[in-house]
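What follows is a short report on a single structure.
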Amino acid sequence: MSKLNTNFAGMNGFIWWVGKVVGTGDPLQLGRVRVKILGWHTTDPNDKSAGIADTDCPWAHPVHPVTTGSLSGSKLKEGDWVVGFFADGESGQFPLVFGYLPGIAVDKY
């Protein structure tokens with residue numbers, strides 16, 4: 001009998017994260033946003049040696065209520081802080097944005 005794959009959300013717990021929206025021009029027009037996630041990506045967008053650049057951050061899918069009825073996109077903008085989790089668990093390659101954290105924009109990450 002083979003072991004169940006538990007490396008996805010719901011089987012091995014959620015890997016929650018907080019991140020900053022660093023891009024909104026989703027090339028697939030699915031309403032995704034690029035997110036730089038604290039603790040997973042560099043805090044310096046110009047220092048590639050310490051992590052990844054803003055343009056290399058993953059596209060995250062915002063979780064919309066079923067009442068929206070379409071892929072109208074999100075109202076998130078660059079600089080917004082968001083909270084989410086990885087749908088693929090510890091692999092950390094499929095981020096989902098679950099909510100927005102209101103606050104005051106600052107220059108430093």
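Within each chain, counting starts at residue 1; across the structure tokens, chains are named A, B, ... in the order shown, with ligands numbered 1 upward in that order.
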
All residues 7 Å or closer to stretch 57-61 of chain A, only C-alpha atoms, same chain fewer than 3 positions away omitted, as a ChimeraX atom specification: /A:32-36,52-54,94-97

Nearest residue to A:Trp40 from the set A:Pro102, A:Gly79, A:Gly19, A:Gly89 (distances using only C-alpha atoms):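 Residue with the minimum atom-to-atom distance to A:Trp40: A:Gly19.
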
Atomic distance atom CA of A:Gln29 - atom CA of A:His64, expressed in Å with one decimal: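 So the two atoms, atom CA of A:Gln29 and atom CA of A:His64, lie 14.9 Å apart.
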